[in-house]
Structure formats: C-alpha cells, structure tokens
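Read the structure below first, then the notes.
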Amino acid sequence: MSTNKSEISLEDSDLLTEIAVAYYQDGSTQEEISKKFAISRAKVGRLLKQARDEGIVEITVKYHPVFSAKIEQRLIERFGVKRALIALDQPNEAAQRTQVAGLVSNYLSQTLKSGMVVTVGQGRNVSSVAHHVGVITPRDCTFVCGIGGIHPRGSMFNADHICRQLAKKYGGTSETLYAPAYAENYEQKMVFMQNTTVKQTLDLARKADMALVGIGDMSENNYMVDLGWFTPNEVVQSRLHQGVVGDFAGHDFFDVRGHIAKTGMSDRVIGMSIEEFRPISEVIAIASENSKPLALLGALRTGAVDVVATSVSNALTVLNLDEQMQTARLTSLNADE
C-alpha cells in the first residue's frame, strides 16, 4: 500500500480503530464512513487495509464444520489419532502458523487441568501457541522442557522460553532443561545426559500428562541449519541416503513410513526420543507450513501422535499421499503373486 507522509501522520491507531469499528462492527458502508470522517472513499479503503495489516482488525473465516469434521474423521480412521485440529489455509506461513496456533491454544484451554505436567518442544509452531493471545482460564500446570536450550539468535523458538511463556499465560510454573539442545558430538551429549539435574528434568518430562511438539521437515533451509546446529550437507545426506523426511520434536528423524532413522544428527540431540513420548497419554504434534506434508505423513505413521494440528491443504495432501502409497504397495504385491 502506498501512502504519503501527510497521510501517515494522520492515520494513527485511534482513527484506524474508529473506522474499523464503524465498518466491521457497526456495518457502516465505506461511503457513510467517508462522509462521517470527511475523507475520500479511496482513503477509507486504504485505512481499512492498513487496519488489517497492523493487526487492529483480525478476520477469521470459518468454513462449514461438516467439512472440518469429515477431514478429521478421515485422519482418525486412517492413522488412529484421537483428534485432528484443521485450520483454514492462509496466504503465507506466518498467517498459517497463527491460525493453527489458535486451534491448539483453544484445545489446550479445553483440556488442561490444574496439576497436569506438559512436556514442551521447540520451534516456530510451538512458540506460536505460547504467544497466541486469547481468553485463558488460569490453571496450575507445570510446563517442562523436553529438549535443551538453543542459540540466543533463536531464543523465541527455545523450549525454555516457550515453557516460561506458557507458564505465564496459564499462571503455572516452568522447568528448564539445563543443557544445550545439540552437543558437538555423541560423547559430549552423554556427559550432559548423565548429569543429575538434566536427568531429573527429563524424568519429569517423560512422565508428563501431555506433550506439545513440532514436526520439522528436512530442508537444508530450515532453522536448525540456519542456527548452525547441522550443516546443509548433513540434512541433504540424511534425506538422500536414509530417506529422512522429518524430525519429531527436534530429536528423532524418520522416513515417510514412520521408521526412525539413525543419523549423526540424532546422536547429538539432548532431549526426549520419540520412544519416550509414546507413554505420554496425549502428544499434540503441530505442522502448519505447506512444505510439511511428507514430514507429517511420516510422523503420523510413527504412531506416537495423539492429536495433530495442521492446515486443510496439508491434511488433504497427507490423506492423498497415504492412499497413493497404499495403492502402489497393493499393486506391487499383486504383481509379485
């Protein structure tokens, strides 16, 4: 949107809010607003757009619940999950993360009870849930890190930061895992894993009532590479030679069939493995970005996910991919007979 300097000085938040309320809440037309505020109709349109861009107005499109329920039911039947939280597709990744985070935040508000322990992972999607603004009923829950800390440059995506934010949001407490997320080598990892303080925190995380984790895709441009934990070559090689399509909570790496792949990267992660998540009664896995259908399919096939949160397009793509792979497998079996 192009605006000149004089317009910018006039278009403060009070004016934007007044116009937004008049249009979206009171139902006034742009022509009526133009006359009321003595500004051109074209400028009213620009101001309404600015109100949306600056977050003064948030537009939530609700699709028919039957559509959502049908997709959810297909995912439940296909993969044995308990729930599927399906968000309407958005025009960019940031908006998609926000939409999915809203569904997860609402789900937590409905299911969390005082006294519960929640294991928390790292990453953009989990962070978005912690920072989602909504009406929250306080609950005395404990949010504990399921993976160590990360580089300060990625502090917003740090499990410890997310735990603290969730504790603040719900009025509970948080527990830090006093170790880095990624060690330089396996020997260094084991030193941390044998530390008494680290063991106590991970023991608490393993006995949690619920877990909130992200599903990552194996792109050489992902944030783990960006922060220098893994090299682009390590990611590419694991994808090419071991068929790795994603990571579960930043720790275990898996292929599209849901099989855990042993990589040099997983030998360096300080945190909970996918096997340690299985005993937790409700593991919520989030994958909002449209680059993640393969990673999401692999994660669902691990059997460790109880609640999945993603977009409509991701959900439909996962279902289609699974169906195609099942068909191809049956065709191959019939050809061998």
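We label chains A, B, ... in the order they appear in the structure tokens, count residues from 1 in each chain, and number ligands from 1 in the order shown.
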Segment 117-124 of chain A: which residues within 7 Å, counting only C-alpha atoms, same-chain residues fewer than 6 positions away excluded, as an NGL selection string? :A and (141-147 or 157-159 or 163 or 205 or 208-214 or 249)
Requested write-out: N, CA and C atoms of the selected residues, as a short mmCIF file (atom, residue, chain, number, x, y, z; two decimals), in the first residue's frame:
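selection.cif written:
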data_model
loop_
_atom_site.label_atom_id
_atom_site.label_comp_id
_atom_site.auth_asym_id
_atom_site.auth_seq_id
_atom_site.Cartn_x
_atom_site.Cartn_y
_atom_site.Cartn_z
N CYS A 141 -0.54 -25.60 36.04
CA CYS A 141 0.15 -26.68 35.33
C CYS A 141 1.66 -26.44 35.36
N THR A 142 2.41 -27.51 35.17
CA THR A 142 3.86 -27.40 35.06
C THR A 142 4.26 -27.67 33.62
N PHE A 143 4.99 -26.74 33.03
CA PHE A 143 5.46 -26.86 31.66
C PHE A 143 6.97 -27.14 31.70
N VAL A 144 7.37 -28.30 31.20
CA VAL A 144 8.75 -28.73 31.33
C VAL A 144 9.38 -28.96 29.96
N CYS A 145 10.62 -28.55 29.81
CA CYS A 145 11.33 -28.68 28.54
C CYS A 145 11.62 -30.14 28.21
N GLY A 146 11.29 -30.54 26.98
CA GLY A 146 11.60 -31.88 26.52
C GLY A 146 12.87 -31.94 25.71
N ILE A 147 13.52 -30.78 25.53
CA ILE A 147 14.77 -30.67 24.78
C ILE A 147 15.54 -29.49 25.34
N PHE A 157 12.23 -19.47 19.79
CA PHE A 157 11.84 -20.85 19.50
C PHE A 157 12.42 -21.84 20.50
N ASN A 158 13.08 -21.31 21.52
CA ASN A 158 13.71 -22.10 22.55
C ASN A 158 12.66 -22.75 23.45
N ALA A 159 12.80 -24.04 23.73
CA ALA A 159 11.83 -24.73 24.58
C ALA A 159 11.69 -24.05 25.94
N CYS A 163 8.26 -22.60 27.41
CA CYS A 163 7.74 -23.07 28.71
C CYS A 163 7.41 -21.90 29.63
N ALA A 205 9.72 -34.82 32.44
CA ALA A 205 9.16 -34.66 31.10
C ALA A 205 8.59 -35.98 30.57
N ALA A 208 5.01 -36.88 31.84
CA ALA A 208 4.01 -35.83 31.65
C ALA A 208 2.64 -36.40 31.26
N ASP A 209 1.61 -35.58 31.47
CA ASP A 209 0.24 -35.94 31.07
C ASP A 209 -0.01 -35.59 29.61
N MET A 210 0.76 -34.62 29.12
CA MET A 210 0.53 -34.11 27.77
C MET A 210 1.86 -33.60 27.21
N ALA A 211 1.99 -33.60 25.88
CA ALA A 211 3.18 -33.06 25.24
C ALA A 211 2.77 -32.18 24.07
N LEU A 212 3.52 -31.13 23.85
CA LEU A 212 3.27 -30.19 22.76
C LEU A 212 4.55 -30.07 21.95
N VAL A 213 4.55 -30.62 20.73
CA VAL A 213 5.78 -30.68 19.94
C VAL A 213 5.53 -30.24 18.50
N GLY A 214 6.61 -29.89 17.83
CA GLY A 214 6.55 -29.54 16.42
C GLY A 214 7.10 -30.66 15.56
N ALA A 249 9.89 -33.42 17.30
CA ALA A 249 10.28 -32.64 18.48
C ALA A 249 11.76 -32.25 18.47
#
Have a look at A:Asn92, A:Ser127, A:Thr327, A:Thr173 and name the one nearest to Gly115 of chain A; count only C-alpha atoms.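 Ranked by minimum distance to Gly115 of chain A, first place goes to A:Thr173.
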According to DSSP computed on the backbone, where in segment 36-91 of chain A is there strand (DSSP E)? Give the residues as a PyMOL selection string. chain A and resi 83-87
With C-alpha atoms retained, write the just-selected residues as a PDB file, in the first residue's frame.
ATOM      1  CA  ARG A  83      -8.197 -35.579  17.349  1.00  0.00           C
ATOM      2  CA  ALA A  84      -7.239 -33.568  14.281  1.00  0.00           C
ATOM      3  CA  LEU A  85      -7.268 -29.776  14.521  1.00  0.00           C
ATOM      4  CA  ILE A  86      -7.642 -28.489  10.957  1.00  0.00           C
ATOM      5  CA  ALA A  87      -7.104 -24.795  10.177  1.00  0.00           C
TER       6      ALA A  87
END
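Minimum distance to Ala94 of chain A across A:Val191, A:Ser128, A:Ile56, A:Lys262 (counting only C-alpha atoms) occurs at A:Ser128.
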Please report, as a Markdown table, each residue of segment 196-250 of chain A lying at most 10 Å from segment 291-295 of chain A, together with the nearest pair of atoms and the separation in Å rounded to one decimal; use only C-alpha atoms, and order rows by chain and ascending residue number.
| residue | atom | partner | partner_atom | distance |
| --- | --- | --- | --- | --- |
| A:Ile215 | CA | A:Ala295 | CA | 6.9 |
| A:Gly216 | CA | A:Ala295 | CA | 6.7 |
| A:Asp217 | CA | A:Ala295 | CA | 5.4 |
| A:Met218 | CA | A:Ala295 | CA | 7.9 |
| A:Ser219 | CA | A:Ser291 | CA | 9.0 |
| A:Val244 | CA | A:Ala295 | CA | 8.6 |
| A:Val245 | CA | A:Ala295 | CA | 5.1 |
| A:Gly246 | CA | A:Ala295 | CA | 4.5 |
| A:Asp247 | CA | A:Ala295 | CA | 7.4 |
| A:Phe248 | CA | A:Ala295 | CA | 9.0 |
Export N, CA and C atoms of the chosen residues as a tab-separated table (two decimals), in the first residue's frame?
chain	number	residue	atom	x	y	z
A	215	ILE	N	6.64	-30.71	14.32
A	215	ILE	CA	7.16	-31.64	13.33
A	215	ILE	C	7.96	-30.82	12.31
A	216	GLY	N	9.25	-31.16	12.16
A	216	GLY	CA	10.09	-30.42	11.23
A	216	GLY	C	10.27	-31.17	9.92
A	217	ASP	N	10.50	-30.41	8.84
A	217	ASP	CA	10.80	-31.06	7.56
A	217	ASP	C	12.31	-31.00	7.31
A	218	MET	N	12.80	-31.86	6.45
A	218	MET	CA	14.25	-31.96	6.23
A	218	MET	C	14.69	-31.08	5.07
A	219	SER	N	14.57	-29.80	5.27
A	219	SER	CA	15.02	-28.84	4.27
A	219	SER	C	16.37	-28.28	4.69
A	244	VAL	N	15.17	-39.73	5.10
A	244	VAL	CA	14.60	-38.93	6.20
A	244	VAL	C	13.73	-37.81	5.63
A	245	VAL	N	12.51	-37.71	6.14
A	245	VAL	CA	11.59	-36.67	5.67
A	245	VAL	C	11.25	-35.64	6.76
A	246	GLY	N	11.56	-35.96	8.02
A	246	GLY	CA	11.22	-35.01	9.08
A	246	GLY	C	11.83	-35.36	10.41
A	247	ASP	N	11.65	-34.45	11.36
A	247	ASP	CA	12.09	-34.70	12.74
A	247	ASP	C	10.92	-34.56	13.69
A	248	PHE	N	10.98	-35.30	14.77
A	248	PHE	CA	9.93	-35.30	15.78
A	248	PHE	C	10.46	-34.60	17.02
Rounded to one decimal place, report the atom CA of Gln96 of chain A-atom CA of Thr302 of chain A distance in Å. 24.6 Å
Just want the 12 Å neighbourhood of Thr310 of chain A, counted on only C-alpha atoms, with same-chain residues fewer than 5 positions away dropped. Output as an MDAnalysis selection string. chainID A and resid 68 71:72 75 83:90 93 96:104 125 214:215 284:293 295:297 300 315:318
Which residue of A:Val129, A:Thr201, A:Thr196, A:Arg52 approaches Leu166 of chain A most closely, using only C-alpha atoms: A:Val129
Can you list, as a list in words, every protein, DNA or RNA residue that comes within 12 Å of Thr29 of chain A when you count only C-alpha atoms, leaving out same-chain residues fewer than 5 positions away?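 What passes the distance filter is Ile19, Ala20, Val21, Ala22, Tyr23, Tyr24, Ser34, Lys35, Lys36, Arg41, Val44, Gly45 and Leu48 of chain A.
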For Ala130 of chain A, the closest of A:Ile260, A:Val269, A:Met116, A:Ile162 counting only C-alpha atoms is A:Ile162
